[in-house]
Structures are given as structure tokens and as C-alpha cells.
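Notes follow the structure.
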Amino acid sequence: MSTPHVSSGTVVLTASGSGAGGPEGPGDGTYDFDPERLTGSVLPRYAIWVSAAIGVAVGLVVRFTGITLIGLADWVMAVLAFFIVFTTWTLLVEGRRHAVDRLATTAIYAAAVAALVPLFWILITVVVKGLSVMSWSFLTETMRNVNPRAEGGGVAHAIVGTLEQVAIAAAIAVPIGILSAVYLVEYGRGHLARAISFFVDVMTGIPSIVAGMFIYTFWILTLGFPTSGLAAGLALSILMIPVVVRATEEILKIVPNELREGALALGVPKYKVIIRIVLPTAISGIITGVMLAVARVTGETAPLLLTTFLAQDMNWNPFSGNQASLPVFIWDQIQRGTSASLDRAWGGAFVLILIVMIFYAGARILAAIYAPKKV
Amino acid sequence: MSAPVMEPPQADAAPAITGAAVRPADRNFRFLTTWSGILVLVILATIAAFLIWKSIPSLTTDSENPLTYEAWAPDADPPAWGMSVLIFGTLWTSVIAMVIAVPIGIGTALFIAFYAPPRLATGLGFFVDLLAAVPSIIFGLWGLYNFMPQVVPFSEWLATYLGWIPIFANEQELYTKSIMIAGIVLAIMILPTVSAISREVFLQVPKGHIEASLALGATRWEMVRMAVFPFSRPGMISAAMLGLGRALGETIAVALILSAVFEINWQITEPGGNSVAANIALKWGEAGANGRSALIATGLVLFFITLAVNMTARWIVNRRKEFSGAN
């Protein structure tokens, strides 16, 4: 990855030369014009730690005395104190521009932390609550003859349903997606290709519930098929196609043109160039893209609610009858609202996230195995 | 946009050298791939067509204005329903999600692109993408049972100290299942989208611009503000809009967290609210034929709203791609 990474070293403002005052003009007046030094005065390294300590101290004071401003919690006060002390300090020592810079830096670090907190919070919660429910029987039993409000039962039927529905979705979406991507990269020119490329992007944004609704109106209402795992798989495939197209397209674009040209120059027909040269070269990226698409649709709930309703019993056959799935199982157990059903919901969530993560990890591993040799 | 691929020599251009004019296998393969691509367009058009077709029965029998009426009784006699409440709730939760997710998402993207050491940046990017893989049902479950109790004190604080601002006022003195909590959970869900696309456009900023601004003595923030933002503003806008598109269509998490109330509620700390997608998920099972048709009508509106948002966003991105010298 060619990240244009900017060195984390302090960027210094040279103050040498006549009248050089930086873009902000000489008004800051905080640079000492010592010819031996190129930088203005710089905040001591310990400043951030001292500020942090003051923040913690303020937080502790608020916690133990209960004195606070407009009802703010102790940790909020601590963070505020840190920000105020650190920024003021910078302002006094380094000037306004550097104070703004440090404030922005701190805010950006805070944003990165804030983005990670929910992820780990969710993962840890699901793992802790899910593991406490896990047992062999939970994984191998169904909800058949189990009172959904009482204890017992398991998710076997939902695991089978999820895997079968996702397999159906992949069986439909992967060929269509890859062929469309081949068209876009290898053949597509002009308005049609541009329109397809544009609407593939737009299609990634279709709400999943609309996909479910479409299959309901088309497959069930109009063509008259019953609700089934197959209908669910069809709905999922609509969500999957654009992801597969986009991933495959990106990877086909980076297949070196020399490979195509060499093969064509040797008189190989174009379709054979694509099937025997281009696709095998790109296979690792395609597999990764497909796995990520699979991981994405595995957790979809909304389309399944509309296309295959609940089933409490094992149904191996996705082509007839309603079929359970993990997301709908969790949804149903939450609705039941008892502590036993909630436990099952967490258990189901754990299994679901485990399956998604296996797909995710699998994508990485397969990508590493099939990674193209250095050209 | 498209990689320059060398076309095979046209048969009619050099008949003496090549064999058959066009190989049948070549033609068939091209035909197959072209129609796969066209299928995408067909699917989108069919979605619109079928949703319109199947929503007509309920639209024609509705005794009230389906866009403005503020109640939901499509299976009553005469049917009386309208979707203004749903559209309002969808937009209002999404706006809150945007207000939170766009600054944090762009901040995370800036951190990954310009602030973090490379190794940390890759890891962080992976984790943010991982957030996108968490199923929405799990966001709902976690949001309802783990996150909500932690947000309630904040809601109370908002209502107590900022209650004079109408949207924070809370006369019910109940703080759970509110639009704000749904909005925050939505914000977490769209964060990866906003962050990933912003990161992509940040990485396209010409390195020369960045280095030039630093060499002129800009601080890092000035570099971001003066070299990165002007270049990537359209990309950031479309990142925000793609996030918006996701937030608008999000179903299950909202359905679990909001207590479904069928009224327009501006007060974000009070329980109650609704959204198009959540309403579909909650009402679908019990709905009769006309009820489902009415739900399809709301889904149709949602489809067109998200389509418009996504098309605008993609249009901005694509226009930028053609003009920028980065690729």
C-alpha cells in the first residue's frame, strides 16, 4: 500500500531570513530569532503527560467531591481539562498556529479511538455473553418442541439455513458478478459500460429490505412460488452481485496489460486470454472479494424476514418450506423477551459473528495462498 | 476510468492474415459477459417496476393522502394510511447519524492516511472495515441491551441542561428507545463507509501538494486544511452521502432500538419514532394484502430516496475522477 505517510516528526517553521514569518505573517511574535536554531520555541515533550495528569486529577476531584460544571460526568471533565490545559499551554509557548495544529491532532486521535471503541465493545460483549451460552447441545439441537420462552433448544436449524441460503446467493451472484466485471474491464466501452459501472455502484447502496421486498413481489406474489430458503437466497444474491462486480473489476484492472497483449499477439482468442490468463492471474483478489461479499450478506436480516419466515424445526431443503436462519433466529429470540430467549439470542449472535469472521479470515488466508507471484 | 486494453485486430481489417472473421466462441463469450452486465440494469429496473406495480392497489384505495396522512391503518375499511411519519423518522435518525459519523469517520480517515505510523494505519484500517462486517442484528441487540443503558445518563444530561433547545426537551422524563440512541447506533454502522471512502480520496491527494505545503512551513493541520481538503472535498461529500444512503435503509437495528410510535417526534431524547425500513420489518408479518401493498409503497419511496442519494454521491465521485490528475 502506498500510503503517503507524513513523518510524525515535528514540522518546524524556519524563522531565518529577513521578514520570514510563515504563512500567517509575522504577527505571532513567538519565534525567537536565534540563528543557531531553526525552530521557534517548542513545547517540552513532557507537556502532554503533564496535561493528561492534570486532566486525570480534575476527573478524580470531580468523582470524589461531586463538584462539577453543568452536571458533566467525571471523565468528560477530565477530557475537557486535558484539552484546555494542553491547548492553552501550546498557545502560550508555540503560538496560535501550533495550538490549532495540536488541537486538531488530538481531535483526530480521539476520532480514531472513538471509531474503535464500539467495535471492541460489541465483539467483547458478544463473545462473553455468547460463550456463556455455548454448549454442544446449543449447536446441535433445534427449537423443535422447545417453548421459545423457556430454556433449552439450539441453533442447528438456523446454522444450516444460513449456510444454505448464503450458498444459493453465492451460486447466483458469483458467476453473474464475475462475468459482469469481465465485461466492464475487457469489453465494455461507451455508454452501456459507463451506465453499468455507474449503476453497479448505485446498486451497492440498495437497502437490504428493498431487495427482500423485490423478491417478495417478483418471486412470491407474481410468479407464485412459496416462501423458502431459495427466495431468501435470491434476495441475498441481489445484495451480493454489486459487491462481487466491484471487487472483481478492481482486481481485473490491475492485471498487467502485457499479459493480455502477449497472449493476443500469439494468436490466442480473446475469450481464452480472459479465461486462461486474466482470470487465473486475478484469482486471489476475486476469491477475497467473493468471501467479503459472502461475509457481508451472511448477517443480513431484513430481506430474510420478508422471504422466508421463521422456522423452529430443521429444514435441510431450501427449496421447499420456510427455513430458519441465524439473523432471523436472533430477531425472533429478542422479540420473545424472556431471559432464556435473550441468552439464546446472544448465543446465536456469537455463532453468527463467528461464521462471518471465518469468512473474513478465510478471505485473507485464501488471498495469501493464491497471491500472484511477483511480476 | 477504464484501463486501456488492446483490442484484437479486427478481422475485416486484415483478411489475408486472420482466419475466420469472428470466432464463434469469442462472440458467445462476449455475448455472455455483456448480458451479465446488462442484467444489473435489468434487475434495478425490475425492482422499480415491481415495487410500483405492487404498490398501486394500496395507493388507489387509500382514503387519505398516502404521503401526508399521519396514521397507519391500511387493512382497515376504508384503508387510511400515510407515510409522512415514517419518512420523517428515517430522515431524522439519519441526520443524527450523519452529524456524529461524518466528523469521526473523516477524522479516522485522516488519522489512517496522514497521522498514524504505517503499520498502525493498516491495522486500524482493517479494524474499521471489520466494523462493517458486524451484522446489523448484532448492532441492534448490543444497542438495545448494552449501549442504551450507557447513553441514558447522557440523554438525561442533554434534557436537563440543554432542554431549552426544543429538540433536546423531554417532557416524558423517559430516556430509552429514543431517536438519538437509534441515531448513534446508525452512526456507528455507517462509520466504516464514511471512513473507507474518505480514506480512499485522501490517498489520491497528490503527494506533491502535501510535501509542498509542509515544505512551506505549514503545520500538519494546515497541510490537511489547505492541501488535502480542497482536493478531496467532493470525495468527502460523497462519502458522507453514501453513509447517508446506508443509514436511510438500515432496518433491523432501528426496528429493535426505537419504540415504534406513529407520530412525528422532533424530540430526540424521548422514546418513540419510526422509520420506513423498521416499519416494514415490524408490520410485515401481521399485514394483510393491502397492508403489504402499502408497506411496498413505503419501500418504493425509500428505494427512490436512497437511489437519488447514491446516484448523486457516485456522480460527484466519478466527476472528480475524470478531472483529477491523480490517476
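Going through the C-alpha cells in order, the chains are called A, B, and so on, while each chain numbers its residues from 1 and the ligands are numbered from 1 in the order shown.
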
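Residues lying within 8 Å of Val151 in chain B, counting only C-alpha atoms and ignoring same-chain neighbours fewer than 4 positions away, are Phe147, Ser155 and Ile181 of chain B.
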
- Could you pull the residues within 7 Å of range 242-258 of chain B, counting only C-alpha atoms, minus those fewer than 4 positions along the same chain, as number ranges by chain? A: 205, 207, 209, 301-302; B: 90-91, 94, 98, 136-137, 139-140, 143-144, 177-179, 182, 186, 190, 193-194, 238, 272-274, 277-278, 282, 306, 309-310, 313

With C-alpha atoms kept, could you save the residues just selected as a short mmCIF file (atom, residue, chain, number, x, y, z; two decimals), in the first residue's frame?
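Produced file result_20.cif, reproduced below:
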```cif
data_model
loop_
_atom_site.label_atom_id
_atom_site.label_comp_id
_atom_site.auth_asym_id
_atom_site.auth_seq_id
_atom_site.Cartn_x
_atom_site.Cartn_y
_atom_site.Cartn_z
CA GLY A 205 -26.50 1.19 -1.81
CA PRO A 207 -31.41 -1.01 1.26
CA ILE A 209 -35.12 -4.59 2.94
CA THR A 301 -31.75 -9.95 8.46
CA ALA A 302 -34.28 -7.71 6.80
CA THR B 90 -35.99 7.92 8.53
CA LEU B 91 -34.54 11.31 7.70
CA SER B 94 -30.15 9.56 9.53
CA MET B 98 -24.54 11.87 9.90
CA SER B 136 -26.97 -5.23 11.82
CA ILE B 137 -28.96 -7.58 14.04
CA PHE B 139 -25.82 -3.87 16.39
CA GLY B 140 -29.48 -3.93 17.37
CA GLY B 143 -27.57 -1.29 21.09
CA LEU B 144 -30.68 -2.33 22.95
CA LYS B 177 -35.52 3.84 22.94
CA SER B 178 -35.10 7.36 21.63
CA ILE B 179 -34.33 8.68 18.18
CA ALA B 182 -31.01 4.92 17.23
CA LEU B 186 -26.69 4.17 12.99
CA ILE B 190 -22.13 3.95 8.75
CA THR B 193 -18.47 3.55 4.90
CA VAL B 194 -17.65 7.20 5.56
CA SER B 238 -19.93 11.68 -1.48
CA GLY B 272 -40.64 6.97 20.16
CA GLY B 273 -40.15 7.34 16.49
CA ASN B 274 -40.26 5.23 13.42
CA ALA B 277 -37.46 0.29 6.87
CA ALA B 278 -38.12 -0.50 10.53
CA LEU B 282 -42.22 -4.75 12.23
CA THR B 306 -31.67 6.02 -1.48
CA VAL B 309 -28.75 9.90 -2.69
CA ASN B 310 -26.46 7.20 -4.06
CA ALA B 313 -22.85 10.67 -4.47
#
```

- Determine which residues of chain B sit within 7 Å of chain A, taking into account only C-alpha atoms, and present them as a ChimeraX atom specification. /B:2-3,5-6,8,26,29,33-34,36-38,40-41,47,50-51,54,104,107-108,111,113-115,118,128,131,133-138,142,157,161,203,207,217,219-221,245-246,249-252,277,281,296,299,303,306-307,310-311

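Closest to Leu67 in chain B among B:Ala215, B:Ala297, B:Val317, B:Ala187 is B:Ala297, based on only C-alpha atoms.
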
- Task: Assign secondary structure with DSSP using the backbone only, and return the residues of range 257-314 of chain A in alpha helix (DSSP H) as a ChimeraX atom specification.
- Result: /A:257-265,270-272,279-298,302-307

Okay, now the selection with C-alpha atoms, as a tab-separated table (two decimals), in the first residue's frame?
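Everything below was put into again.tsv:
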```tsv
chain	number	residue	atom	x	y	z
A	257	ASN	CA	-1.82	-5.43	-19.92
A	258	GLU	CA	1.37	-7.08	-21.14
A	259	LEU	CA	-0.11	-10.47	-20.27
A	260	ARG	CA	-3.14	-9.82	-22.45
A	261	GLU	CA	-1.12	-8.34	-25.27
A	262	GLY	CA	1.40	-11.16	-25.24
A	263	ALA	CA	-1.30	-13.79	-25.44
A	264	LEU	CA	-3.25	-11.95	-28.13
A	265	ALA	CA	-0.09	-11.49	-30.16
A	270	LYS	CA	-9.70	-13.24	-26.62
A	271	TYR	CA	-12.10	-15.39	-24.61
A	272	LYS	CA	-9.28	-17.83	-23.97
A	279	LEU	CA	-8.87	-14.67	-14.51
A	280	PRO	CA	-6.22	-17.06	-13.13
A	281	THR	CA	-3.89	-14.13	-12.56
A	282	ALA	CA	-6.59	-12.31	-10.64
A	283	ILE	CA	-7.96	-15.34	-8.82
A	284	SER	CA	-6.71	-14.38	-5.37
A	285	GLY	CA	-8.34	-10.99	-5.49
A	286	ILE	CA	-11.54	-12.45	-6.86
A	287	ILE	CA	-11.72	-15.03	-4.10
A	288	THR	CA	-11.11	-12.36	-1.49
A	289	GLY	CA	-13.84	-10.20	-2.97
A	290	VAL	CA	-16.28	-13.08	-3.09
A	291	MET	CA	-15.57	-14.06	0.51
A	292	LEU	CA	-16.05	-10.50	1.69
A	293	ALA	CA	-19.32	-10.32	-0.21
A	294	VAL	CA	-20.39	-13.59	1.41
A	295	ALA	CA	-19.43	-12.27	4.84
A	296	ARG	CA	-21.47	-9.18	4.16
A	297	VAL	CA	-24.70	-10.92	3.24
A	298	THR	CA	-24.41	-13.59	5.93
A	302	ALA	CA	-34.28	-7.71	6.80
A	303	PRO	CA	-34.59	-9.47	3.43
A	304	LEU	CA	-34.98	-12.82	5.15
A	305	LEU	CA	-37.90	-11.59	7.23
A	306	LEU	CA	-39.81	-10.98	4.00
A	307	THR	CA	-38.79	-14.02	2.01
```

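For the choices B:Trp266, B:Phe231, B:Phe126, B:Trp92, the atom-to-atom distance to Phe168 in chain B is smallest for B:Trp266 when using only C-alpha atoms.
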